[in-house]
Number of protein chains: 2
Amino acid sequence: MMRIVKYPQPNEWKQLLARAATANDNVLEKVKSILEEVKKNGDKALKRFAKKWDNAELTELQVTKEEMEEAVTLVSEELKEAIQQAAKNIEKFHSRQMFKEELVETTPGIVCWRKAVPIEKVGLYIPGGNAPLFSSLLMMGIPAIIAGCRRIVLCTPPTKEGKINPAILYTASLIGIAEIYKTGGAQAIAAMAFGTESIPAVNKIFGPGNNFVTAAKQLVQQYGVAIDMPAGPSEVLVLADETANAGFAAADLLSQAEHGADSQAILVTTEEELALQVQNELQQQLSNLSRKELATPSLSNSLIIITKNFAEAIELVNEYAPEHLIINCRFADVIAEKIVNAGSVFIGAYTPEAAGDYASGTNHVLPTNGFAKAYSGLSIESFVKKISFQKISAEGLKIISSTIITMAEAEGLDAHANAIKIRSNV
Amino acid sequence: MMRIVKYPQPNEWKQLLARAATANDNVLEKVKSILEEVKKNGDKALKRFAKKWDNAELTELQVTKEEMEEAVTLVSEELKEAIQQAAKNIEKFHSRQMFKEELVETTPGIVCWRKAVPIEKVGLYIPGGNAPLFSSLLMMGIPAIIAGCRRIVLCTPPTKEGKINPAILYTASLIGIAEIYKTGGAQAIAAMAFGTESIPAVNKIFGPGNNFVTAAKQLVQQYGVAIDMPAGPSEVLVLADETANAGFAAADLLSQAEHGADSQAILVTTEEELALQVQNELQQQLSNLSRKELATPSLSNSLIIITKNFAEAIELVNEYAPEHLIINCRFADVIAEKIVNAGSVFIGAYTPEAAGDYASGTNHVLPTNGFAKAYSGLSIESFVKKISFQKISAEGLKIISSTIITMAEAEGLDAHANAIKIRSNV
């Protein structure tokens, strides 16, 4: 069960809140050889890896139109409707994130602006495993489509029958993603980084994955490919006061814990009684879970922290910088104003993380592992780059020419000064 | 001199435009040991490195108030005024980049928004060497100040007298940066990543530097520190038609070439005659340059490419994705509309790169090495992260509860479904 820590001193927080170390040299070495193999042998390597790790005999890597059409018939109407409603909310929220250009005349005759331009080719990765993560496809695919990326490639590992989960194919066809390849793990990342006979090299790679995928994403950056963000196990911090329902808090902690043994769930409260109630609730709710085996070890890595007051609790949250923060308190809005480090914040008793994970409209691809101190979650901005433009008239240049020449010469850059002098006969 | 390549085939572009390879394992190994040393010995290591590489005997790492005040007296009035004008334009352009929050009600009772929050602690690095790059300090420091970063740390290597260039100190005090440390190279990056007795650990590190600095920035990311962007040698591509002044074009190419032997300057034109005139001009202008020794080898790595028409030229530009693009053509505006991969675009005959390098208002920290395909230059956005928030009423949650439950169960995540059920008694 979750360990209770009472009144830790601020100088103990860092150690207390430390995430489990991930990545190791052993994985990196293995992944390096996979990258090399895909770079050298392309499709052939991908098929070999599919046989080796997915136990699938593939003749074609790309999902066919027929497979797409078949998938639509295999998904229940209920699930289709749910995916459609979630897609609608995600689209509504993300479409408001489009960048509006604005011209700024910094000096008469000098006009500067920035323009958001879609990244041309993006690659999305969806891991395999027990859970077909079609929700992650919504979260990556919808902003990619809205941003206007010209080519959107999806890679995901096949089942041993060489198939892709129908819910994933249905989601792809719903949002308009048609280029899907049956390849997973580090080899999928390699394929999208270097390109193969079938799969194009892309400019930026997105998506969650295991240690191998994470290591591959880290490594391919050296070849000029961008990635969404550094990855780590998922985490939630629930901040609760005496008004919080212990059952709600326990359910929220468990919905994080079920992701796997390395997930972290933390409860921070000023109320010792609530802490004990939550522990009790955890025990009861856990016994009915299908993923009990995953959630149990995760909970034993997790923590209940009792702080002296809410000011301290907020400081602790900002120090931890949780991926997800649930504020289950009477004055949740006021507390939310004071949060400076978090991926996504869920305000009030009826705002569980699960809402944002699926259907409220916000993105669920968020910075973990303390990266929320410097990184943002996924948004339209993740699928565009902003190019700056400027246009200067001969008169405008005259106004700033002596400024430029003086600065360039002080930096010892004569040719920079010359580029101005030759235009203004200074 | 610059090599002329006439009518290369599109399938030859990739090879033709390839950047020189950088980073090597040898540097990485050396930098790793520097990082370890600073992590272990803190200030003591920094002082030892200052003695070893900067030939400076330091008792204190931090620049004192007295040194700041003295610096102001050592900078000429002319340079002060120039820096002030540049700062004003940079501030004007960047202050328009502030993010405006917008609440989106995706479903009745479900309100979502994003908020830009300054990254708390940022570290800026300014390299030493011959040129005191106070202009880069403007480009990093002004957006950091506007964004509202709470703690801004500047590291830059000392001279052998243990001093910092007065123009850098003047610029820092002008824009309001007071925490400056005398340390350079990979050890400065290590100090800002891990913290020492004097220097605080920061959340994100910005700034240019040599191979060692670049490698250090690459490595510290593994410890949870963010960096501005991957770095590479500076580059310019000049696109010119028959209306272009060959002297202007040559001056622009040289202002890139003088950065160093690994800089790349490329001229793309449809006009063979112009190409020859530019070569001629290069020869003449080069002979008067103080940095002739740096510019000459850079030019011999560089290229003049003659394309059959402008459609092809534009395609080639987008394939290369130059850090700086100067469009010196009659229909420069029309061409600018078609650029999808570039760091910063300079439109028309009187818009030299040097203007944006110093004083027009745009940022000069830009993606090199083809990274402009996926990365943006520095802006206010580089100094904030965006946190998403959501607040759901009990009624709002009811509307999407069956959607969430259906999706969670289809993904095999029962505890996610439970977090909804327990709130809605479904």
# chains A, B, ... in the order shown; residues from 1 in each chain; ligands from 1
$ interface_residues --of "chain A" --to "chain B" --cutoff "6 Å" --atoms "only C-alpha atoms" --output "VMD selection string"
chain A and resid 82 89 106 119 131 to 132 251 to 252 254 to 255 343 to 347 350 to 351 354 358 374 to 376 385 to 394 403 to 404 411 to 412 415 to 416 419
$ select_by_dssp --residues "region 233-346 of chain A" --states "helix (DSSP H, G or I)" --output "VMD selection string"
chain A and resid 246 to 257 272 to 287 292 to 300 310 to 320 332 to 337
$ atom_distance --atom1 "CA of Asp228 (chain A)" --atom2 "CA of Ala321 (chain B)"
19.8 Å
$ residues_around --residues "region 169-184 of chain B" --least-positions-apart "2" --cutoff "6 Å" --atoms "only C-alpha atoms" --output "list in words"
Leu61, Gln62, Val63, Met68, Val72, Val153, Leu154, Cys155, Thr156, Pro157, Pro158, Pro166, Ala167 and Ala188 of chain B
$ closest_residue --among "B:Thr269, B:Asn165, B:Thr296, B:Ser234" --to "Gly209 (chain B)" --atoms "only C-alpha atoms"
B:Ser234
$ residues_around --residues "Phe310 (chain A)" --least-positions-apart "3" --cutoff "10 Å" --atoms "only C-alpha atoms" --output "PyMOL selection string"
chain A and resi 239-241+268-270+307+313-316+335
$ select_by_dssp --residues "region 167-357 of chain B" --states "strand (DSSP E or B)" --output "JSON, numbers by chain"
{"B": [179, 180, 181, 182, 204, 205, 206, 226, 227, 235, 236, 237, 238, 239, 240, 264, 265, 266, 267, 268, 269, 303, 304, 305, 306, 324, 325, 326, 327, 328, 344, 345, 346, 347]}
$ write_last_selection --atoms "C-alpha atoms" --output "PDB file, in the first residue's frame"
ATOM      1  CA  GLU B 179      23.486  37.397 -11.808  1.00  0.00           C
ATOM      2  CA  ILE B 180      26.593  36.761 -13.889  1.00  0.00           C
ATOM      3  CA  TYR B 181      29.248  34.107 -13.431  1.00  0.00           C
ATOM      4  CA  LYS B 182      32.752  33.866 -14.839  1.00  0.00           C
ATOM      5  CA  LYS B 204      16.543  25.427 -19.318  1.00  0.00           C
ATOM      6  CA  ILE B 205      19.859  26.436 -20.860  1.00  0.00           C
ATOM      7  CA  PHE B 206      20.217  28.785 -23.835  1.00  0.00           C
ATOM      8  CA  ALA B 226      15.877  21.514 -21.305  1.00  0.00           C
ATOM      9  CA  ILE B 227      17.906  23.336 -23.958  1.00  0.00           C
ATOM     10  CA  GLU B 235      24.484  29.508 -42.574  1.00  0.00           C
ATOM     11  CA  VAL B 236      22.890  31.804 -45.136  1.00  0.00           C
ATOM     12  CA  LEU B 237      21.251  31.205 -48.473  1.00  0.00           C
ATOM     13  CA  VAL B 238      20.931  34.164 -50.824  1.00  0.00           C
ATOM     14  CA  LEU B 239      18.318  33.856 -53.544  1.00  0.00           C
ATOM     15  CA  ALA B 240      18.960  36.378 -56.316  1.00  0.00           C
ATOM     16  CA  GLN B 264      28.080  27.916 -44.999  1.00  0.00           C
ATOM     17  CA  ALA B 265      27.068  30.568 -47.529  1.00  0.00           C
ATOM     18  CA  ILE B 266      25.059  29.568 -50.592  1.00  0.00           C
ATOM     19  CA  LEU B 267      23.949  31.657 -53.539  1.00  0.00           C
ATOM     20  CA  VAL B 268      21.068  30.358 -55.619  1.00  0.00           C
ATOM     21  CA  THR B 269      20.217  32.124 -58.846  1.00  0.00           C
ATOM     22  CA  LEU B 303      28.407  27.066 -53.260  1.00  0.00           C
ATOM     23  CA  ILE B 304      26.825  29.016 -56.065  1.00  0.00           C
ATOM     24  CA  ILE B 305      23.965  27.017 -57.533  1.00  0.00           C
ATOM     25  CA  ILE B 306      22.380  27.946 -60.840  1.00  0.00           C
ATOM     26  CA  HIS B 324      18.905  32.636 -42.861  1.00  0.00           C
ATOM     27  CA  LEU B 325      17.315  33.215 -46.252  1.00  0.00           C
ATOM     28  CA  ILE B 326      17.811  36.472 -48.114  1.00  0.00           C
ATOM     29  CA  ILE B 327      15.468  36.975 -51.060  1.00  0.00           C
ATOM     30  CA  ASN B 328      17.094  39.558 -53.272  1.00  0.00           C
ATOM     31  CA  SER B 344      14.400  33.717 -40.730  1.00  0.00           C
ATOM     32  CA  VAL B 345      13.578  35.282 -44.087  1.00  0.00           C
ATOM     33  CA  PHE B 346      14.933  38.642 -45.270  1.00  0.00           C
ATOM     34  CA  ILE B 347      12.823  40.124 -48.041  1.00  0.00           C
TER      35      ILE B 347
END
$ atom_distance --atom1 "CA of Leu299 (chain A)" --atom2 "CA of Pro322 (chain A)"
16.2 Å
$ residues_around --residues "Lys44 (chain A)" --least-positions-apart "3" --cutoff "12 Å" --atoms "only C-alpha atoms" --output "list in words"
Glu37, Val38, Lys39, Lys40, Asn41, Lys47, Arg48, Phe49, Ala50, Lys51, Glu57, Leu58, Thr59, Glu60, Leu61, Thr183, Gln187, Ala191, Thr196, Glu197, Ser198 and Ile199 of chain A
$ atom_distance --atom1 "CA of Asp43 (chain A)" --atom2 "CA of Phe212 (chain A)"
19.1 Å
